[in-house]
Each structure stands twice: as structure tokens, then as C-alpha cells.
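Enquirer: Before I ask anything, here is the structure I am working with.
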Amino acid sequence: MARSIIGGLVGSGVSGNQFRVSDPSSEQRIRLQEITDLNAFDNNADCIAGCDIVVMAVKPQVMEEALSSVDSLLKAQKPLLISIAAGILIKDITRWIGEPTPIVRVMPNTPALVNCGVSGLFANQLTDEQHKSTAQAIMQAVGPVVWVDRESDIDTVTGISGSGPAYFFKLMEIMMDAAQTHGLNPEAARTLVLQTALGAARLANESDVEPGELRRQVTSPKGTTEAAINTMENEGIDHTVKAGIQAAIDRSEELARILGDG
Ligand SMILES: NC(=O)c1ccc[n+]([C@@H]2O[C@H](COP(=O)([O-])OP(=O)(O)OC[C@H]3O[C@@H](n4cnc5c(N)ncnc54)[C@H](OP(=O)(O)O)[C@@H]3O)[C@@H](O)[C@H]2O)c1
């Protein structure tokens, strides 16, 4: 995820000498330096010394350890801290640092890897407008951003766009499977389904009308699409998808409790 963000920023014209990265793995540091000529450190404290923005892009399980390696610097420098770790609450980040800090919590998604992500952002009360526009500019390197008013809304962002790519991948799997059941070869099934998904997403994004209206426009009375949609609705597609999203939101809340030691 860090590589995607750095790649997006470089692509939007930010020069490598504005970044410093830290990673314990030399292999990862080399991969990061392949993106652009940046300073890479094997030590978090050396990396963030003098920095005014720190992006924490480690797995949630190692956030406490990574923060504790730099807590005295964070207390002294008071940089803007941006966390992209899923399920780590601002109160836990603050507790691990040891004192209140300006923090923006971000929930990105994997299409950031192809510069087509979307992120939900929440800022704590210690952030000012400059902090918020900085966080927004960084995350916009990999796609649009949406600000939310409450930290708990990040759980909803997780259930919608964080986990959302998998819902669309699942639909692709189902459609490819159906195409093959009806006799198409795997390559034909893949081309038809993936291009249909891409086309529908682009049409919805580039059109002035809402997805529901686009659907109605392609649903002729007594036609094939109407037959499909009626059957899907009668089989409970609305309930199934909404129940799945609710399960993701519930799990996000639960993980935050577990990762933050309750
Ligand atoms: N991937 C997604 O779609 C997605 C979506 C939303 C949010 N996120 C969040 O983004 C964060 C990063 O995810 P990712 O998939 O990019 O993880 P990742 O590939 O594991 O990247 C994390 C990097 O941090 C390094 N690291 C581990 N411990 C460290 C430490 N103490 N100090 C400094 N660096 C350390 C890791 O090195 P080693 O490999 O050597 O351990 C690894 O290179 C996660 O918190 C995740 O919840 C990801």
C-alpha cells in the first residue's frame, strides 16, 4: 500500500527527495527505491527525524511496535500522523505514542495498486485545515477521497469500499462460472465478464445518471435483463448484499476492539 501511495505521488509530480521510507526488509527498501530516488532507512527513528508528516503503513498487528520505536520523536516533533492501518483506533494510536497528536485515519482499498483506489478519511480534533489538506493530497495520489464525520464511520467505509473490491470480484467469479456452465471457454468467459465489469463501472462513473437509472434504462419490459433482475431480486440479492456489508462492518468494529486490547 505504501508503494502504491508513493508511486501515485511520484506520478503526480512529487520528487523522490521529498520522501523518506523505513522498512526492516532490505528487499522492500530496494523495491521502494525502484519507484524513485528516495531515502530508505532500516530504522524508523532515523527515517522520521525532522519529518512533518509521518504515514504509518504497517500491518495493524505491528502498529504498536512500530509506534513505540519512534514515540519520543513523535512527542518531540508533533508531526501529522497518517495511519492507513485497518481497525486501529485513534485512541489506541494516541495511547501507544503517549500523548495527543494530530492524526488522520485512512481506509484505502486495493485498487490503489492501479491508481484507481478510493479512501475514507477521518481527522481527530488536533488536526487543522493544513493537516487535512495535506492528508487529502497524499491519498488523492491513488484515487478520490471521502471525509467522514465520525471515526465509527470508518467501519462503514471498510464494509463498503475497503472490502468492496472483493464483492465485485465475487460477482465476476459467479458470472464467469455461469458462462462456463453454459459452454463458453474460460478465456471467453473472462473477457466477457471483466470487460462488462469495467464498462459498467466506467459508464456509471462517466454518466450523469445514477446507477439505478442506468439499470432501468437497459431493462426493457419483458426482456432478458428484466428476467434476470426480477429473478435475482426474488432470490434475495438486496438482502444478501446488505447482510454481507453489515457483517464486514461488525467485523471491523470487533477487530478494532481486539487490536486495541479492548
Ligand atoms: N492492502 C489493502 O488493500 C489495504 C486496504 C486498507 C488498509 N490497508 C492497510 O494498509 C496497511 C499496510 O498494508 P499492506 O498490505 O501494504 O502491508 P505490507 O505489504 O505488509 O506492508 C507493510 C510493510 O511494513 C513493514 N514493516 C513491518 N514492521 C515494521 C516496523 N516495525 N517498522 C517499519 N516497517 C515495518 C513490512 O516489512 P516486512 O514485510 O519485512 O514485515 C512491510 O514491508 C495495513 O495496516 C492494512 O490494514 C491495506
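Order determines the names: the first chain of the C-alpha cells is A, the second B, and so forth; residues in each chain are numbered 1 upward, and ligands are numbered 1 upward as they are shown.
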Residues of chain A that have any atom at most 6 Å from an atom of ligand 1: could you tabulate them with the shortest-distance atom pair and the distance in Å to one decimal, using only C-alpha atoms and all ligand atoms, ordered by chain and increasing number, as a tab-separated table?

Expert:
residue	atom	partner	partner_atom_place_in_ligand_line	distance
A:Met1	CA	ligand 1	16 (O)	3.6
A:Ala2	CA	ligand 1	16 (O)	5.7
A:Ser22	CA	ligand 1	33 (C)	5.5
A:Asp23	CA	ligand 1	34 (N)	4.1
A:Pro24	CA	ligand 1	40 (O)	5.4
A:Ser25	CA	ligand 1	40 (O)	4.4
A:Gln28	CA	ligand 1	43 (O)	5.7
A:Ala57	CA	ligand 1	11 (C)	4.5
A:Val58	CA	ligand 1	22 (C)	4.1
A:Lys59	CA	ligand 1	45 (O)	3.6
A:Pro60	CA	ligand 1	45 (O)	4.4
A:Val62	CA	ligand 1	28 (N)	5.8
A:Glu65	CA	ligand 1	31 (N)	5.8
A:Ala66	CA	ligand 1	31 (N)	3.9
A:Ile84	CA	ligand 1	10 (O)	4.9
A:Ala85	CA	ligand 1	45 (O)	3.0
A:Ala86	CA	ligand 1	47 (O)	3.7
A:Met107	CA	ligand 1	6 (C)	5.1
A:Pro108	CA	ligand 1	6 (C)	4.5
A:Asn109	CA	ligand 1	5 (C)	4.2
A:Thr110	CA	ligand 1	3 (O)	3.7
A:Gly162	CA	ligand 1	6 (C)	5.7

Enquirer: Just the residues within 10 Å of Arg20 (chain A), please, counting only C-alpha atoms, with nothing from its chain fewer than 4 positions along; format it as a list of chain:residue names.

Expert: A:Gly16, A:Asp37, A:Leu38, A:Asn39, A:Ala40, A:Phe41, A:Asn44, A:Asp46, A:Cys47, A:Ile48, A:Ala49, A:Cys51, A:Val54

Enquirer: Only all heavy atoms, please: the residues just picked out, written as a CSV table (one decimal), in the first residue's frame.

Expert:
chain,number,residue,atom,x,y,z
A,16,GLY,N,11.3,12.5,-5.6
A,16,GLY,CA,11.8,11.5,-4.7
A,16,GLY,C,12.4,12.0,-3.4
A,16,GLY,O,12.3,11.4,-2.4
A,37,ASP,N,14.1,7.9,-6.7
A,37,ASP,CA,15.3,8.0,-6.0
A,37,ASP,C,15.0,8.6,-4.6
A,37,ASP,O,15.1,9.8,-4.4
A,37,ASP,CB,16.2,8.9,-6.8
A,37,ASP,CG,17.6,9.0,-6.1
A,37,ASP,OD1,17.9,8.1,-5.3
A,37,ASP,OD2,18.3,10.0,-6.4
A,38,LEU,N,14.6,7.7,-3.7
A,38,LEU,CA,14.2,8.2,-2.3
A,38,LEU,C,15.2,7.7,-1.3
A,38,LEU,O,15.9,6.7,-1.5
A,38,LEU,CB,12.8,7.9,-2.0
A,38,LEU,CG,12.2,6.5,-2.2
A,38,LEU,CD1,12.8,5.5,-1.3
A,38,LEU,CD2,10.7,6.5,-2.1
A,39,ASN,N,15.2,8.3,-0.1
A,39,ASN,CA,16.0,7.9,1.0
A,39,ASN,C,15.3,6.7,1.7
A,39,ASN,O,14.2,6.9,2.2
A,39,ASN,CB,16.2,9.0,2.0
A,39,ASN,CG,17.3,9.9,1.6
A,39,ASN,OD1,18.4,9.4,1.1
A,39,ASN,ND2,17.1,11.2,1.7
A,40,ALA,N,15.9,5.6,1.8
A,40,ALA,CA,15.3,4.5,2.5
A,40,ALA,C,16.1,4.1,3.8
A,40,ALA,O,17.4,4.0,3.7
A,40,ALA,CB,15.2,3.3,1.6
A,41,PHE,N,15.4,3.9,4.9
A,41,PHE,CA,16.1,3.6,6.1
A,41,PHE,C,15.7,2.2,6.7
A,41,PHE,O,14.6,1.8,6.4
A,41,PHE,CB,15.7,4.6,7.2
A,41,PHE,CG,16.1,6.0,6.8
A,41,PHE,CD1,15.4,6.8,5.9
A,41,PHE,CD2,17.2,6.6,7.4
A,41,PHE,CE1,15.8,8.1,5.6
A,41,PHE,CE2,17.6,7.9,7.1
A,41,PHE,CZ,16.9,8.6,6.2
A,44,ASN,N,13.3,3.2,11.9
A,44,ASN,CA,12.2,4.2,11.9
A,44,ASN,C,12.6,5.5,12.5
A,44,ASN,O,12.2,6.6,11.9
A,44,ASN,CB,11.0,3.6,12.6
A,44,ASN,CG,10.4,2.4,12.0
A,44,ASN,OD1,10.6,2.2,10.8
A,44,ASN,ND2,9.7,1.6,12.7
A,46,ASP,N,15.6,7.1,12.6
A,46,ASP,CA,16.4,7.8,11.6
A,46,ASP,C,15.5,8.4,10.5
A,46,ASP,O,15.7,9.5,10.0
A,46,ASP,CB,17.5,7.0,11.0
A,46,ASP,CG,18.6,6.6,12.0
A,46,ASP,OD1,18.6,7.3,13.1
A,46,ASP,OD2,19.3,5.7,11.7
A,47,CYS,N,14.5,7.6,10.1
A,47,CYS,CA,13.7,8.0,9.0
A,47,CYS,C,12.8,9.2,9.3
A,47,CYS,O,12.7,10.1,8.5
A,47,CYS,CB,12.7,6.8,8.6
A,47,CYS,SG,11.6,7.2,7.3
A,48,ILE,N,12.2,9.2,10.5
A,48,ILE,CA,11.2,10.3,10.7
A,48,ILE,C,11.8,11.5,11.4
A,48,ILE,O,11.2,12.5,11.6
A,48,ILE,CB,10.0,9.8,11.5
A,48,ILE,CG1,10.3,9.6,13.0
A,48,ILE,CG2,9.4,8.6,10.9
A,48,ILE,CD1,9.0,9.7,13.8
A,49,ALA,N,13.1,11.4,11.7
A,49,ALA,CA,13.8,12.6,12.4
A,49,ALA,C,13.6,13.8,11.4
A,49,ALA,O,14.0,13.8,10.3
A,49,ALA,CB,15.2,12.3,12.6
A,51,CYS,N,10.9,15.0,10.2
A,51,CYS,CA,9.7,15.0,9.2
A,51,CYS,C,8.5,15.7,9.8
A,51,CYS,O,8.3,15.5,11.0
A,51,CYS,CB,9.4,13.5,8.9
A,51,CYS,SG,10.6,12.7,7.8
A,54,VAL,N,4.1,11.9,8.9
A,54,VAL,CA,4.5,10.5,9.1
A,54,VAL,C,3.4,9.7,8.7
A,54,VAL,O,2.3,9.8,9.3
A,54,VAL,CB,5.0,10.2,10.5
A,54,VAL,CG1,5.3,8.7,10.7
A,54,VAL,CG2,6.2,11.0,10.9

Enquirer: Excluding His131 (chain A) and any residue of its chain fewer than 5 positions from it, enumerate the residues within 10 Å of it, using only C-alpha atoms, and give them as number ranges by chain.

Expert: A: 52-53, 79-82, 102-104, 123, 126, 136-137

Enquirer: Kindly save the residues from that selection, with N, CA and C atoms included, as a PDB file, in the first residue's frame.

Expert:
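Saved file result.pdb follows:
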ATOM      1  N   ASP A  52       7.722  16.328   8.979  1.00  0.00           N
ATOM      2  CA  ASP A  52       6.498  16.944   9.500  1.00  0.00           C
ATOM      3  C   ASP A  52       5.236  16.141   9.158  1.00  0.00           C
ATOM      4  N   ILE A  53       5.403  15.102   8.337  1.00  0.00           N
ATOM      5  CA  ILE A  53       4.278  14.192   8.062  1.00  0.00           C
ATOM      6  C   ILE A  53       4.815  12.761   8.173  1.00  0.00           C
ATOM      7  N   PRO A  79       4.498  15.648  14.487  1.00  0.00           N
ATOM      8  CA  PRO A  79       4.164  15.704  13.067  1.00  0.00           C
ATOM      9  C   PRO A  79       2.688  15.340  12.864  1.00  0.00           C
ATOM     10  N   LEU A  80       2.180  15.566  11.661  1.00  0.00           N
ATOM     11  CA  LEU A  80       0.876  14.993  11.318  1.00  0.00           C
ATOM     12  C   LEU A  80       1.100  13.499  11.138  1.00  0.00           C
ATOM     13  N   LEU A  81       0.319  12.677  11.848  1.00  0.00           N
ATOM     14  CA  LEU A  81       0.453  11.234  11.704  1.00  0.00           C
ATOM     15  C   LEU A  81      -0.736  10.702  10.908  1.00  0.00           C
ATOM     16  N   ILE A  82      -0.434  10.035   9.796  1.00  0.00           N
ATOM     17  CA  ILE A  82      -1.495   9.451   8.965  1.00  0.00           C
ATOM     18  C   ILE A  82      -1.389   7.938   9.109  1.00  0.00           C
ATOM     19  N   PRO A 102      -1.823  15.149  16.307  1.00  0.00           N
ATOM     20  CA  PRO A 102      -2.740  15.281  15.164  1.00  0.00           C
ATOM     21  C   PRO A 102      -2.691  14.006  14.313  1.00  0.00           C
ATOM     22  N   ILE A 103      -3.852  13.382  14.170  1.00  0.00           N
ATOM     23  CA  ILE A 103      -3.896  12.082  13.465  1.00  0.00           C
ATOM     24  C   ILE A 103      -5.016  12.087  12.427  1.00  0.00           C
ATOM     25  N   VAL A 104      -4.707  11.595  11.236  1.00  0.00           N
ATOM     26  CA  VAL A 104      -5.747  11.321  10.238  1.00  0.00           C
ATOM     27  C   VAL A 104      -5.753   9.818  10.003  1.00  0.00           C
ATOM     28  N   ALA A 123     -10.353  12.791  10.609  1.00  0.00           N
ATOM     29  CA  ALA A 123      -9.303  13.552  11.295  1.00  0.00           C
ATOM     30  C   ALA A 123      -9.686  13.766  12.756  1.00  0.00           C
ATOM     31  N   LEU A 126      -7.195  17.411  16.925  1.00  0.00           N
ATOM     32  CA  LEU A 126      -5.923  18.153  16.974  1.00  0.00           C
ATOM     33  C   LEU A 126      -5.419  18.548  15.589  1.00  0.00           C
ATOM     34  N   GLN A 136      -5.291  14.773   2.527  1.00  0.00           N
ATOM     35  CA  GLN A 136      -6.131  14.591   1.334  1.00  0.00           C
ATOM     36  C   GLN A 136      -5.256  14.526   0.082  1.00  0.00           C
ATOM     37  N   ALA A 137      -4.266  15.430  -0.016  1.00  0.00           N
ATOM     38  CA  ALA A 137      -3.400  15.454  -1.213  1.00  0.00           C
ATOM     39  C   ALA A 137      -2.611  14.147  -1.319  1.00  0.00           C
TER      40      ALA A 137
END

Enquirer: Separation of CA of Glu253 (chain A) and CA of Gly87 (chain A), in Å?

Expert: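 Taking CA of Glu253 (chain A) as the start and CA of Gly87 (chain A) as the end point, the length is 7.3 Å.
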
Enquirer: From the list A:Gly50, A:Leu203, A:Asp177, A:Thr127, which residue is nearest Ala189 (chain A) when using only C-alpha atoms?

Expert: A:Asp177

Enquirer: According to DSSP computed on the backbone, where in region 29-251 of chain A is there strand (DSSP E)? Give the residues as a PyMOL selection string.

Expert: chain A and resi 39-41+53-56+80-83+103-107+119-123+145-147

Enquirer: With N, CA, C and O atoms retained, could you export that selection as an mmCIF file, in the first residue's frame?

Expert:
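Result written to selection_22.cif:
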data_model
loop_
_atom_site.group_PDB
_atom_site.id
_atom_site.type_symbol
_atom_site.label_atom_id
_atom_site.label_comp_id
_atom_site.auth_asym_id
_atom_site.auth_seq_id
_atom_site.Cartn_x
_atom_site.Cartn_y
_atom_site.Cartn_z
ATOM 1 N N ASN A 39 15.174 8.324 -0.111
ATOM 2 C CA ASN A 39 15.997 7.862 1.006
ATOM 3 C C ASN A 39 15.279 6.739 1.735
ATOM 4 O O ASN A 39 14.154 6.935 2.191
ATOM 5 N N ALA A 40 15.929 5.588 1.840
ATOM 6 C CA ALA A 40 15.301 4.458 2.522
ATOM 7 C C ALA A 40 16.123 4.081 3.751
ATOM 8 O O ALA A 40 17.352 4.027 3.688
ATOM 9 N N PHE A 41 15.447 3.860 4.852
ATOM 10 C CA PHE A 41 16.107 3.591 6.141
ATOM 11 C C PHE A 41 15.696 2.210 6.663
ATOM 12 O O PHE A 41 14.580 1.754 6.413
ATOM 13 N N ILE A 53 5.403 15.102 8.337
ATOM 14 C CA ILE A 53 4.278 14.192 8.062
ATOM 15 C C ILE A 53 4.815 12.761 8.173
ATOM 16 O O ILE A 53 5.845 12.444 7.570
ATOM 17 N N VAL A 54 4.130 11.930 8.941
ATOM 18 C CA VAL A 54 4.546 10.526 9.072
ATOM 19 C C VAL A 54 3.359 9.650 8.681
ATOM 20 O O VAL A 54 2.283 9.765 9.271
ATOM 21 N N VAL A 55 3.562 8.807 7.670
ATOM 22 C CA VAL A 55 2.495 7.887 7.251
ATOM 23 C C VAL A 55 2.840 6.508 7.789
ATOM 24 O O VAL A 55 3.896 5.956 7.465
ATOM 25 N N MET A 56 1.972 5.955 8.622
ATOM 26 C CA MET A 56 2.177 4.619 9.176
ATOM 27 C C MET A 56 1.438 3.632 8.270
ATOM 28 O O MET A 56 0.201 3.616 8.232
ATOM 29 N N LEU A 80 2.180 15.566 11.661
ATOM 30 C CA LEU A 80 0.876 14.993 11.318
ATOM 31 C C LEU A 80 1.100 13.499 11.138
ATOM 32 O O LEU A 80 1.982 13.087 10.368
ATOM 33 N N LEU A 81 0.319 12.677 11.848
ATOM 34 C CA LEU A 81 0.453 11.234 11.704
ATOM 35 C C LEU A 81 -0.736 10.702 10.908
ATOM 36 O O LEU A 81 -1.890 10.940 11.285
ATOM 37 N N ILE A 82 -0.434 10.035 9.796
ATOM 38 C CA ILE A 82 -1.495 9.451 8.965
ATOM 39 C C ILE A 82 -1.389 7.938 9.109
ATOM 40 O O ILE A 82 -0.325 7.367 8.871
ATOM 41 N N SER A 83 -2.478 7.308 9.537
ATOM 42 C CA SER A 83 -2.467 5.842 9.679
ATOM 43 C C SER A 83 -3.386 5.228 8.645
ATOM 44 O O SER A 83 -4.555 5.604 8.552
ATOM 45 N N ILE A 103 -3.852 13.382 14.170
ATOM 46 C CA ILE A 103 -3.896 12.082 13.465
ATOM 47 C C ILE A 103 -5.016 12.087 12.427
ATOM 48 O O ILE A 103 -6.134 12.538 12.702
ATOM 49 N N VAL A 104 -4.707 11.595 11.236
ATOM 50 C CA VAL A 104 -5.747 11.321 10.238
ATOM 51 C C VAL A 104 -5.753 9.818 10.003
ATOM 52 O O VAL A 104 -4.707 9.228 9.706
ATOM 53 N N ARG A 105 -6.914 9.234 10.188
ATOM 54 C CA ARG A 105 -7.056 7.794 9.963
ATOM 55 C C ARG A 105 -7.663 7.586 8.579
ATOM 56 O O ARG A 105 -8.652 8.245 8.215
ATOM 57 N N VAL A 106 -7.065 6.674 7.823
ATOM 58 C CA VAL A 106 -7.458 6.480 6.424
ATOM 59 C C VAL A 106 -7.827 5.019 6.177
ATOM 60 O O VAL A 106 -7.142 4.122 6.667
ATOM 61 N N MET A 107 -8.896 4.790 5.443
ATOM 62 C CA MET A 107 -9.190 3.444 4.957
ATOM 63 C C MET A 107 -9.123 3.459 3.428
ATOM 64 O O MET A 107 -10.033 3.930 2.759
ATOM 65 N N SER A 119 -10.504 6.314 -0.863
ATOM 66 C CA SER A 119 -10.191 6.256 0.566
ATOM 67 C C SER A 119 -11.211 7.037 1.371
ATOM 68 O O SER A 119 -11.674 8.094 0.941
ATOM 69 N N GLY A 120 -11.510 6.515 2.572
ATOM 70 C CA GLY A 120 -12.293 7.267 3.551
ATOM 71 C C GLY A 120 -11.320 7.839 4.567
ATOM 72 O O GLY A 120 -10.377 7.154 4.998
ATOM 73 N N LEU A 121 -11.519 9.105 4.968
ATOM 74 C CA LEU A 121 -10.601 9.771 5.898
ATOM 75 C C LEU A 121 -11.361 10.340 7.088
ATOM 76 O O LEU A 121 -12.453 10.897 6.923
ATOM 77 N N PHE A 122 -10.730 10.211 8.261
ATOM 78 C CA PHE A 122 -11.274 10.850 9.467
ATOM 79 C C PHE A 122 -10.119 11.538 10.201
ATOM 80 O O PHE A 122 -9.049 10.946 10.396
ATOM 81 N N ALA A 123 -10.353 12.791 10.609
ATOM 82 C CA ALA A 123 -9.303 13.552 11.295
ATOM 83 C C ALA A 123 -9.686 13.766 12.756
ATOM 84 O O ALA A 123 -10.853 14.061 13.053
ATOM 85 N N VAL A 145 -10.979 10.885 -2.478
ATOM 86 C CA VAL A 145 -11.138 10.660 -1.036
ATOM 87 C C VAL A 145 -12.510 11.156 -0.584
ATOM 88 O O VAL A 145 -13.097 12.043 -1.200
ATOM 89 N N VAL A 146 -12.973 10.567 0.507
ATOM 90 C CA VAL A 146 -14.239 10.956 1.120
ATOM 91 C C VAL A 146 -13.955 11.193 2.601
ATOM 92 O O VAL A 146 -13.366 10.331 3.255
ATOM 93 N N TRP A 147 -14.308 12.379 3.116
ATOM 94 C CA TRP A 147 -14.129 12.636 4.553
ATOM 95 C C TRP A 147 -15.366 12.167 5.311
ATOM 96 O O TRP A 147 -16.492 12.355 4.840
#
